[in-house]
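A.B. asks: Structure incoming, see below.
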Amino acid sequence: MRILEVKGLKKYFPVKIGLNKTAYVKAIDNIDFFVNEKETLGLVGESGSGKSTTGMAILRLLEPTSGEILFNGKNITKIKQREMQKHRKDMQIVFQDPFASLNPRWKIGKTIGEALEIHKIAKGKDKQRRIDELLDIVGLPSESKNRFPHEFSGGQRQRIGIARALAVNPKFIVCDEPVSALDVSVQAQIINLLNDLKEEFGLSYLFIAHDLGVVRQICDRLAVMYLGKIVEIASTEDIFLKPKHPYTKALLSAVPVADPLAKREEIILSGEMPNPISPPTGCGFRTRCHMATDLCVDSRPNLEQIDNDHQVACHYSDKIGGRKNVEIFAAQTT
Amino acid sequence: MKNKTLKMLIKRKTALAGAIIILIVVVSAILAPVFSPYDPNESDLNKRLLPPSWDDEGSSEHLLGTDHLGRDILSRIIYGTRISLLVGIITVLLSGIFGTVLGLLGGYYRGFLDSFLMRLTEVQLAFPFILLALAIMSVLGPGLRNVILVLSITGWVMYSRLVRGEVLLLRELEYVKAAKALGQKNGKIIFGHILPNVFPTIVVVGTLRVANMIIAEASLTFLGLGVESRIPTWGSMLADGRGYITSAWWVTAFPGIAIMLTVLGINLVGDWLRDVLDPRLKTS
């Protein structure tokens with residue numbers, strides 16, 4: 001059962017160039033994916049690849065330019081914001097920056113209580129009890145509700161952000177780089193917490209990240225984004241062991257390995273991601289790809305099924321052999 | 001909670017000094033007839049331009065001396081607090097509330113409303129204040145009520161621009177987006193999440209503007225478009241004494257000092273208020 005399905009989603013931002021000309025930043029350019037119930041789909045890519053925009057668009061915090069978003073089978077792309085309110089209870093978001101995600105002038109209890117009030121989940125004493133309960137779930141003492149955000153560390157704030165998202169009993173949570181701003185030791189705690197919550201409440205996540213080491217810990221499947229497009233999507237294991245897109249390979253080679261003797265094939269990408277206002281013709285990655293040929297200039301590769309649940313958008317995916325990722329994968333797993 | 005706030009006020013010496021100044025000004029405005037030794041309009045041409053009492057030529061009857069019509073300066077300053085305070089505070093409140101609400105709405109909703117408000121603001125800022133005030137006052141006629149009206153009409157743009165800028169920043173912050181993702185209503189986001197976070201800025205600017213308003217009232221009065229001349233105000237005192245500034249400094253100096261002290265008091269309390277409103281600076 002698919003909890004979320006995205007079809008042909010596009011988000012273009014208009015940019016004025018000159019007096020009368022408008023160009024468009026193609027932040028998301030025609031992407032398709034789905035998230036199964038009780039599954040975590042990872043969305044990875046470098047800054048500016050459109051990961052966060054995708055998360056925002058799914059929650060209708062940004063209006064998509066075109067495409068369809070099906071939540072629990074219902075198309076929520078064009079429904080009015082008022083009707084959308086009903087669905088907001090089922091889909092929540094945890095943000096990246098724990099310092100900007102809590103109102104600095106509100107006590108924690110009020111922040112978490114807001115969610116309960118909006119959806120009329122609990123009032124008065126019930127509300128207080130529920131706030132205590134939520135704080136307990138995320139591993140914070142109930143006294144926290146009388147404190148202000150600045151009295152907490154980054155990891156604790158992220159827990160509060162998670163408690164707020166959980167308050168409305170959602171089925172699906174967009175985690176927008178929830179651990180990128182945290183210390184490594186704290187990252188592990190938050191990831192474990194998210195994993196536990198997933199088990200306990202049967203949640204599904206769209207987990208946005210740029211750190212492959214992190215997504216390895218939590219995601220069932222991975223989608224790799226580049227320049228507003230999904231270039232490869234497969235199970236986490238397949239992405240790590242049998243990457244079929246040169247960009248995925250390059251990303252993987254940047255994952256640090258805890259074994260100093262491990263032989264590593266390093267692929268260092270030169271240059272930067274092209275300007276999404278005027279993306280290159282053909283394949284978006286060709287400007288930085290060591291395998292690019294004339295074919296890549298002329299024609300844009302589509303996302304094609306190459307294996308069970310493994311889709312890739314590259315003309316030469318069959319030429320990309322499995323690299324020696326086995327030990328990396330093993331090192332990450334243990 | 002209130003006790004804690006009060007304790008913080010006493011702990012902070014500068015804020016306490018500010019509060020005392022404001023208290024004195026307010027009390028003397030209310031009890032002007034009790035405190036002032038003379039009728040502010042009672043003139044005695046035999047005692048014109050008497051220097052302050054500590055001067056060799058001064059008289060102990062007039063502590064701060066007399067003006068060019070022999071009126072007691074101390075009494076006029078005490079009575080003047082009424083108008084200055086009234087004009088300063090009411091105009092700041094009126095223009096502050098009006099400008100803030102428009103700035104919040106424009107910055108949050110953007111679109112046509114925002115463009116319209118900003119063009120209006122730009123036009124008004126480009127237009128010389130005095131010219132605009134003159135035009136309005138010549139239609140409405142002089143008088144205290146009209147002075148307040150004019151100053152409020154011309155003053156709101158400061159706030160609307162300032163608030164709009166802050167809102168543009170705040171509306172993109174993640175806690176605002178989180179509230180939206182929870183399905184919070186726009187009104188509650190604007191007044192619950194955004195307003196409390198722009199409030200400190202408004203308070204600080206507002207306290208600074210009180211001074212501007214007192215001086216603007218003085219300018220209008222000086223041009224003969226302000227408060228009726230028989231009512232003493234600090235502004236009109238400055239205007240009256242202008243011609244004697246080289247020979248009788250006290251006529252302008254004392255109302256000037258009164259303005260300065262009042263503004264200082266308001267600013268000190270404004271600073272303190274800003275900090276009190278910021279939970280980060282509160283020691284718990």
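By convention in this document, the chains of the structure tokens carry letters A, B, ... by their order, each chain's residues are numbered from 1, and ligands are numbered from 1 in the order they are shown.
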Quick one: residues within 8 Å of stretch 246-254 of chain A, only C-alpha atoms, excluding same-chain residues fewer than 2 positions away - as a list in words?
C.D. replies: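 Neighbouring residues, sequence-local ones excluded: Leu212, Val224, Glu232, Ile239, Phe240, Pro243, Lys244, Pro256, Arg264, Glu265, Glu266, Ile267, Ile268, Leu269, Phe285, Cys289, Met291 and Ile320 of chain A.
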A.B. asks: List every residue of chain A that has an atom at most 9 Å from any atom of chain B, giving for each one its closest atom pair and the distance in Å to one decimal, counting only C-alpha atoms, sorted by chain and then by ascending residue number, as a tab-separated table.
C.D. replies:
```
residue	atom	partner	partner_atom	distance
A:Leu59	CA	B:Ala181	CA	6.9
A:Arg60	CA	B:Ala181	CA	8.2
A:Leu61	CA	B:Ala181	CA	6.8
A:Gln81	CA	B:Gly183	CA	8.8
A:Arg82	CA	B:Gly183	CA	8.7
A:Met84	CA	B:Gly183	CA	8.1
A:Gln85	CA	B:Gly183	CA	5.1
A:Lys86	CA	B:Gly183	CA	8.1
A:His87	CA	B:Gly183	CA	8.8
A:Arg88	CA	B:Leu182	CA	5.8
A:Lys89	CA	B:Leu182	CA	6.8
A:Met91	CA	B:Ala181	CA	8.1
A:Gln92	CA	B:Ala181	CA	6.4
A:Ile93	CA	B:Ala178	CA	7.0
A:Val94	CA	B:Ala178	CA	8.0
A:Phe95	CA	B:Glu174	CA	6.9
A:Gln96	CA	B:Glu174	CA	8.6
A:Asp97	CA	B:Glu174	CA	7.7
A:Pro98	CA	B:Glu174	CA	8.8
A:Phe99	CA	B:Glu174	CA	8.9
A:Ala100	CA	B:Glu174	CA	5.5
A:Ser101	CA	B:Tyr175	CA	4.2
A:Leu102	CA	B:Tyr175	CA	5.0
A:Asn103	CA	B:Tyr175	CA	5.7
A:Pro104	CA	B:Pro279	CA	7.5
A:Arg105	CA	B:Pro279	CA	6.2
A:Trp106	CA	B:His193	CA	8.5
A:Glu114	CA	B:Ala179	CA	8.2
A:Ala115	CA	B:Leu182	CA	6.1
A:Ile118	CA	B:Gln184	CA	6.2
A:His119	CA	B:Gly183	CA	8.2
A:Phe148	CA	B:Pro279	CA	7.0
A:Pro149	CA	B:Arg280	CA	8.7
A:His150	CA	B:Arg280	CA	6.3
A:Glu151	CA	B:Arg280	CA	8.1
A:Gly161	CA	B:Ala178	CA	8.9
A:Arg164	CA	B:Ala178	CA	8.9
A:Ala165	CA	B:Leu182	CA	8.0
A:Val168	CA	B:Leu182	CA	8.2
```
A.B. asks: Would you save the residues from that selection as a CSV table (one decimal), in the first residue's frame, using N, CA and C atoms?
C.D. replies:
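Output saved as selection.csv:
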```csv
chain,number,residue,atom,x,y,z
A,59,LEU,N,4.0,18.7,1.1
A,59,LEU,CA,3.1,19.2,2.2
A,59,LEU,C,2.3,20.4,1.8
A,60,ARG,N,2.5,20.9,0.5
A,60,ARG,CA,1.8,22.1,0.1
A,60,ARG,C,2.2,23.3,0.8
A,61,LEU,N,3.5,23.3,1.3
A,61,LEU,CA,4.0,24.5,1.9
A,61,LEU,C,4.5,25.4,0.8
A,81,GLN,N,-6.7,25.1,0.5
A,81,GLN,CA,-5.9,25.0,1.7
A,81,GLN,C,-6.8,24.6,2.9
A,82,ARG,N,-8.1,25.1,2.8
A,82,ARG,CA,-9.0,24.7,3.9
A,82,ARG,C,-9.2,23.2,4.0
A,84,MET,N,-7.2,21.1,2.8
A,84,MET,CA,-5.8,20.6,3.1
A,84,MET,C,-5.6,20.4,4.6
A,85,GLN,N,-6.2,21.4,5.4
A,85,GLN,CA,-6.0,21.3,6.8
A,85,GLN,C,-6.3,20.0,7.4
A,86,LYS,N,-7.3,19.3,6.9
A,86,LYS,CA,-7.7,18.0,7.4
A,86,LYS,C,-6.6,17.0,7.2
A,87,HIS,N,-5.9,17.1,6.1
A,87,HIS,CA,-4.8,16.2,5.8
A,87,HIS,C,-3.5,16.5,6.5
A,88,ARG,N,-3.4,17.7,7.0
A,88,ARG,CA,-2.2,18.1,7.7
A,88,ARG,C,-2.0,17.3,8.9
A,89,LYS,N,-3.0,16.8,9.5
A,89,LYS,CA,-3.0,16.0,10.7
A,89,LYS,C,-2.2,14.7,10.4
A,91,MET,N,0.1,14.3,7.9
A,91,MET,CA,1.5,14.4,7.3
A,91,MET,C,2.2,15.6,8.0
A,92,GLN,N,3.3,15.3,8.5
A,92,GLN,CA,4.0,16.3,9.3
A,92,GLN,C,5.5,16.5,8.8
A,93,ILE,N,6.2,17.5,9.4
A,93,ILE,CA,7.5,17.7,8.9
A,93,ILE,C,8.4,18.0,10.1
A,94,VAL,N,9.7,17.5,10.0
A,94,VAL,CA,10.7,17.8,11.0
A,94,VAL,C,11.8,18.6,10.2
A,95,PHE,N,12.2,19.7,10.8
A,95,PHE,CA,13.1,20.6,10.0
A,95,PHE,C,14.5,20.4,10.3
A,96,GLN,N,15.3,21.0,9.4
A,96,GLN,CA,16.8,20.8,9.6
A,96,GLN,C,17.4,21.6,10.7
A,97,ASP,N,17.0,22.9,10.8
A,97,ASP,CA,17.7,23.7,11.7
A,97,ASP,C,17.0,23.8,13.0
A,98,PRO,N,17.5,23.1,14.1
A,98,PRO,CA,16.8,23.1,15.3
A,98,PRO,C,16.7,24.5,16.0
A,99,PHE,N,17.5,25.4,15.5
A,99,PHE,CA,17.5,26.7,16.1
A,99,PHE,C,16.5,27.6,15.5
A,100,ALA,N,16.0,27.3,14.3
A,100,ALA,CA,15.0,28.1,13.7
A,100,ALA,C,13.6,27.5,13.7
A,101,SER,N,13.6,26.3,14.1
A,101,SER,CA,12.3,25.6,14.0
A,101,SER,C,11.4,25.7,15.2
A,102,LEU,N,11.9,26.4,16.2
A,102,LEU,CA,11.0,26.6,17.4
A,102,LEU,C,10.9,28.1,17.6
A,103,ASN,N,9.7,28.6,17.9
A,103,ASN,CA,9.5,30.0,18.2
A,103,ASN,C,10.3,30.4,19.4
A,104,PRO,N,11.3,31.3,19.3
A,104,PRO,CA,12.1,31.6,20.5
A,104,PRO,C,11.3,32.2,21.7
A,105,ARG,N,10.1,32.7,21.4
A,105,ARG,CA,9.4,33.4,22.4
A,105,ARG,C,8.3,32.5,23.0
A,106,TRP,N,8.2,31.3,22.6
A,106,TRP,CA,7.2,30.4,23.1
A,106,TRP,C,7.8,29.3,24.0
A,114,GLU,N,0.2,23.8,20.7
A,114,GLU,CA,-0.4,24.4,19.5
A,114,GLU,C,-1.0,23.4,18.6
A,115,ALA,N,-0.2,22.4,18.3
A,115,ALA,CA,-0.6,21.3,17.4
A,115,ALA,C,-1.9,20.6,18.0
A,118,ILE,N,-4.9,23.1,17.5
A,118,ILE,CA,-5.4,23.3,16.1
A,118,ILE,C,-6.3,22.2,15.7
A,119,HIS,N,-6.0,21.0,16.0
A,119,HIS,CA,-6.8,19.8,15.5
A,119,HIS,C,-7.7,19.3,16.6
A,148,PHE,N,12.1,27.7,27.7
A,148,PHE,CA,12.2,28.3,26.3
A,148,PHE,C,13.2,27.5,25.5
A,149,PRO,N,13.0,27.6,24.1
A,149,PRO,CA,14.0,26.9,23.3
A,149,PRO,C,15.4,27.1,23.5
A,150,HIS,N,15.8,28.4,23.9
A,150,HIS,CA,17.2,28.7,24.0
A,150,HIS,C,17.9,27.9,25.2
A,151,GLU,N,17.0,27.3,26.0
A,151,GLU,CA,17.6,26.6,27.2
A,151,GLU,C,18.0,25.1,26.8
A,161,GLY,N,11.1,19.2,18.2
A,161,GLY,CA,10.5,19.3,16.9
A,161,GLY,C,9.8,18.0,16.5
A,164,ARG,N,6.6,17.8,18.4
A,164,ARG,CA,5.5,18.6,17.8
A,164,ARG,C,4.9,17.9,16.6
A,165,ALA,N,5.8,17.3,15.8
A,165,ALA,CA,5.3,16.6,14.6
A,165,ALA,C,4.4,15.4,15.0
A,168,VAL,N,0.1,15.3,16.5
A,168,VAL,CA,-1.1,15.2,15.8
A,168,VAL,C,-1.3,13.7,15.3
```
A.B. asks: Name all residues at most 12 Å from stretch 17-26 of chain A (count only C-alpha atoms; drop same-chain ones fewer than 3 positions away) and give them as an MDAnalysis selection string.
C.D. replies: chainID A and resid 9:14 29:31 48:50 53:54 64:66 226:229 274:279 284
A.B. asks: Keeping only C-alpha atoms, write those residues as a compact mmCIF listing (two decimals), in the first residue's frame.
C.D. replies:
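This went into again.txt:
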```txt
# COMPACT_ATOMS: atom_id res chain seq x y z
CA LEU A 9 5.94 16.80 -9.94
CA LYS A 10 7.39 20.12 -11.08
CA LYS A 11 8.22 23.26 -9.18
CA TYR A 12 9.51 26.20 -11.16
CA PHE A 13 10.42 29.47 -9.51
CA PRO A 14 10.11 32.50 -11.76
CA ASP A 29 11.71 18.96 -12.84
CA ASN A 30 9.29 16.16 -13.42
CA ILE A 31 9.93 13.65 -10.70
CA GLY A 48 20.39 22.87 -4.63
CA SER A 49 19.33 19.56 -6.09
CA GLY A 50 15.71 20.17 -5.08
CA THR A 53 11.73 21.84 -2.28
CA THR A 54 10.29 18.38 -2.90
CA PRO A 64 3.73 22.76 -7.06
CA THR A 65 3.82 24.08 -10.63
CA SER A 66 2.38 20.88 -12.02
CA TYR A 226 20.55 15.84 -9.20
CA LEU A 227 19.52 19.20 -10.64
CA GLY A 228 15.84 18.76 -9.85
CA LYS A 229 15.58 15.25 -11.22
CA PRO A 274 25.01 23.81 -13.33
CA ASN A 275 22.69 26.77 -12.90
CA PRO A 276 19.14 25.39 -12.79
CA ILE A 277 17.93 28.43 -14.77
CA SER A 278 19.75 27.15 -17.83
CA PRO A 279 20.42 23.44 -17.32
CA GLY A 284 21.87 17.19 -16.60
```
A.B. asks: Using Å and a single decimal, report how far atom CA of A:Ala57 sits from atom CA of A:Thr287.
C.D. replies: 27.9 Å
A.B. asks: Find the distance between atom CA of B:Ile202 and atom CA of B:Gly270 and write it in Å to one decimal.
C.D. replies: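 These two atoms are separated by 9.9 Å.
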A.B. asks: As a compact mmCIF listing (two decimals) with C-alpha atoms, in the first residue's frame, please: every residue in stretch 19-162 of chain B that DSSP puts in alpha helix (DSSP H).
C.D. replies:
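Written output follows (result.txt):
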```
# COMPACT_ATOMS: atom_id res chain seq x y z
CA ALA B 19 11.10 54.76 35.13
CA ILE B 20 11.55 57.45 37.77
CA ILE B 21 11.89 60.15 35.12
CA ILE B 22 8.72 58.96 33.39
CA LEU B 23 6.91 58.81 36.71
CA ILE B 24 7.88 62.38 37.54
CA VAL B 25 6.78 63.57 34.10
CA VAL B 26 3.47 61.76 34.29
CA VAL B 27 2.72 62.92 37.80
CA SER B 28 3.56 66.51 36.99
CA ALA B 29 1.34 66.34 33.94
CA ILE B 30 -1.59 65.12 36.00
CA ALA B 32 0.27 70.38 37.10
CA PRO B 33 -1.94 72.87 38.98
CA VAL B 34 -0.60 71.57 42.31
CA PHE B 35 3.08 71.67 41.42
CA ILE B 73 9.32 79.08 33.01
CA LEU B 74 9.01 76.32 35.60
CA SER B 75 5.23 76.58 35.60
CA ARG B 76 5.13 76.54 31.82
CA ILE B 77 7.36 73.48 31.66
CA ILE B 78 5.16 71.65 34.16
CA TYR B 79 2.03 72.48 32.19
CA GLY B 80 3.84 71.72 28.96
CA THR B 81 4.34 68.07 29.97
CA ARG B 82 0.62 67.58 29.43
CA ILE B 83 0.67 68.37 25.74
CA SER B 84 4.07 66.92 25.00
CA LEU B 85 3.32 63.65 26.70
CA LEU B 86 -0.12 63.42 25.18
CA VAL B 87 1.10 64.16 21.67
CA GLY B 88 4.18 61.96 21.98
CA ILE B 89 2.45 58.91 23.36
CA ILE B 90 -0.86 59.01 21.49
CA THR B 91 0.70 59.61 18.09
CA VAL B 92 3.24 56.84 18.63
CA LEU B 93 0.50 54.44 19.69
CA LEU B 94 -1.83 55.35 16.83
CA SER B 95 0.77 55.37 14.09
CA GLY B 96 2.54 52.37 15.62
CA ILE B 97 -0.55 50.19 15.70
CA PHE B 98 -1.69 51.26 12.25
CA GLY B 99 1.74 50.86 10.65
CA THR B 100 2.44 47.56 12.36
CA VAL B 101 -0.83 45.97 11.31
CA LEU B 102 -0.38 47.08 7.70
CA GLY B 103 3.26 45.98 7.70
CA LEU B 104 2.32 42.57 9.08
CA LEU B 105 -0.42 42.05 6.50
CA GLY B 106 1.65 43.31 3.57
CA GLY B 107 4.74 41.33 4.51
CA TYR B 108 2.85 38.15 5.22
CA TYR B 109 0.41 38.05 2.32
CA GLY B 111 0.88 40.38 -3.56
CA PHE B 112 -1.15 43.44 -4.46
CA LEU B 113 -1.71 44.69 -0.90
CA ASP B 114 2.04 44.66 -0.27
CA SER B 115 2.91 46.49 -3.49
CA PHE B 116 0.20 49.04 -2.86
CA LEU B 117 1.34 49.72 0.69
CA MET B 118 4.96 49.98 -0.25
CA ARG B 119 4.32 52.42 -3.12
CA LEU B 120 2.18 54.50 -0.74
CA THR B 121 4.98 54.42 1.81
CA GLU B 122 7.55 55.48 -0.73
CA VAL B 123 5.42 58.36 -1.90
CA GLN B 124 4.91 59.51 1.63
CA LEU B 125 8.58 59.18 2.55
CA ALA B 126 9.59 61.13 -0.53
CA PHE B 129 6.87 65.87 6.20
CA ILE B 130 6.36 69.55 6.93
CA LEU B 131 4.77 70.17 3.55
CA LEU B 132 2.36 67.30 4.02
CA ALA B 133 1.57 68.42 7.56
CA LEU B 134 1.03 72.00 6.36
CA ALA B 135 -1.36 70.82 3.67
CA ILE B 136 -3.40 68.69 6.03
CA MET B 137 -3.39 71.24 8.83
CA SER B 138 -4.51 74.01 6.53
CA VAL B 139 -7.54 71.92 5.61
CA LEU B 140 -8.31 70.65 9.10
CA LEU B 144 -4.44 69.62 19.49
CA ARG B 145 -6.67 66.92 18.01
CA ASN B 146 -5.59 67.76 14.49
CA VAL B 147 -1.92 67.83 15.48
CA ILE B 148 -2.25 64.28 16.77
CA LEU B 149 -4.11 63.26 13.65
CA VAL B 150 -1.52 64.73 11.30
CA LEU B 151 1.42 63.25 13.14
CA SER B 152 -0.23 59.84 13.18
CA ILE B 153 -1.02 59.98 9.48
CA THR B 154 2.53 60.91 8.61
CA GLY B 155 4.14 58.60 11.16
CA TRP B 156 2.79 55.15 10.28
CA VAL B 157 5.07 54.60 7.27
CA MET B 158 8.11 54.19 9.50
CA TYR B 159 6.53 51.23 11.23
CA SER B 160 4.95 49.63 8.20
CA ARG B 161 8.26 49.52 6.34
CA LEU B 162 10.19 48.30 9.31
```
A.B. asks: From the list A:Lys145, A:Val257, A:Lys107, A:Glu5, which residue is nearest A:Thr77 when using only C-alpha atoms?
C.D. replies: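 Of A:Lys145, A:Val257, A:Lys107, A:Glu5, the one nearest A:Thr77, counting only C-alpha atoms, is A:Glu5.
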A.B. asks: Skip A:Asp183 itself and residues of its chain fewer than 5 positions away, then list as an NGL selection string all residues within 12 Å of it, counting only C-alpha atoms.
C.D. replies: :A and (153-156 or 158 or 178 or 188-190)
A.B. asks: Compare B:Pro200, B:Asp67, B:Ile215, B:Ile189 by their minimum atom-to-atom distance to B:Ile245, counting only C-alpha atoms, and give me the closest one.
C.D. replies: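 For B:Ile245, the nearest of the given residues is B:Asp67.
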A.B. asks: Find, counting only C-alpha atoms, the residue in B:Gly235, B:Gly265, B:Arg209, B:Val251 that gets nearest to B:Arg48.
C.D. replies: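 Nearest candidate to B:Arg48 out of B:Gly235, B:Gly265, B:Arg209, B:Val251: B:Val251.
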A.B. asks: Please provide as a PyMOL selection string all residues within 12 Å of A:Ala122, with the sequence filter that same-chain residues fewer than 6 positions apart are discarded (counting only C-alpha atoms).
C.D. replies: chain A and resi 112-116+128-131+167-168
A.B. asks: Figure out the distance between atom CA of A:Gly67 and atom CA of A:Ile79, please, to one decimal in Å.
C.D. replies: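 These atoms are spaced 13.2 Å apart.
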A.B. asks: Find, counting only C-alpha atoms, the residue in A:Ile230, A:Ile208, A:Ala163, A:Val255 that gets nearest to A:Gly139.
C.D. replies: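 Closest to A:Gly139 of all the choices is A:Ala163.
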A.B. asks: Would you mind listing what lies within 7 Å of B:Val227 as a ChimeraX atom specification, with only C-alpha atoms counted and same-chain residues fewer than 6 positions away left out?
C.D. replies: /B:142-144,221
A.B. asks: Between A:Ser142, A:Asn302, A:Gln187, A:Asn195, which has the minimum distance to A:Gly213 (counting only C-alpha atoms)?
C.D. replies: A:Gln187
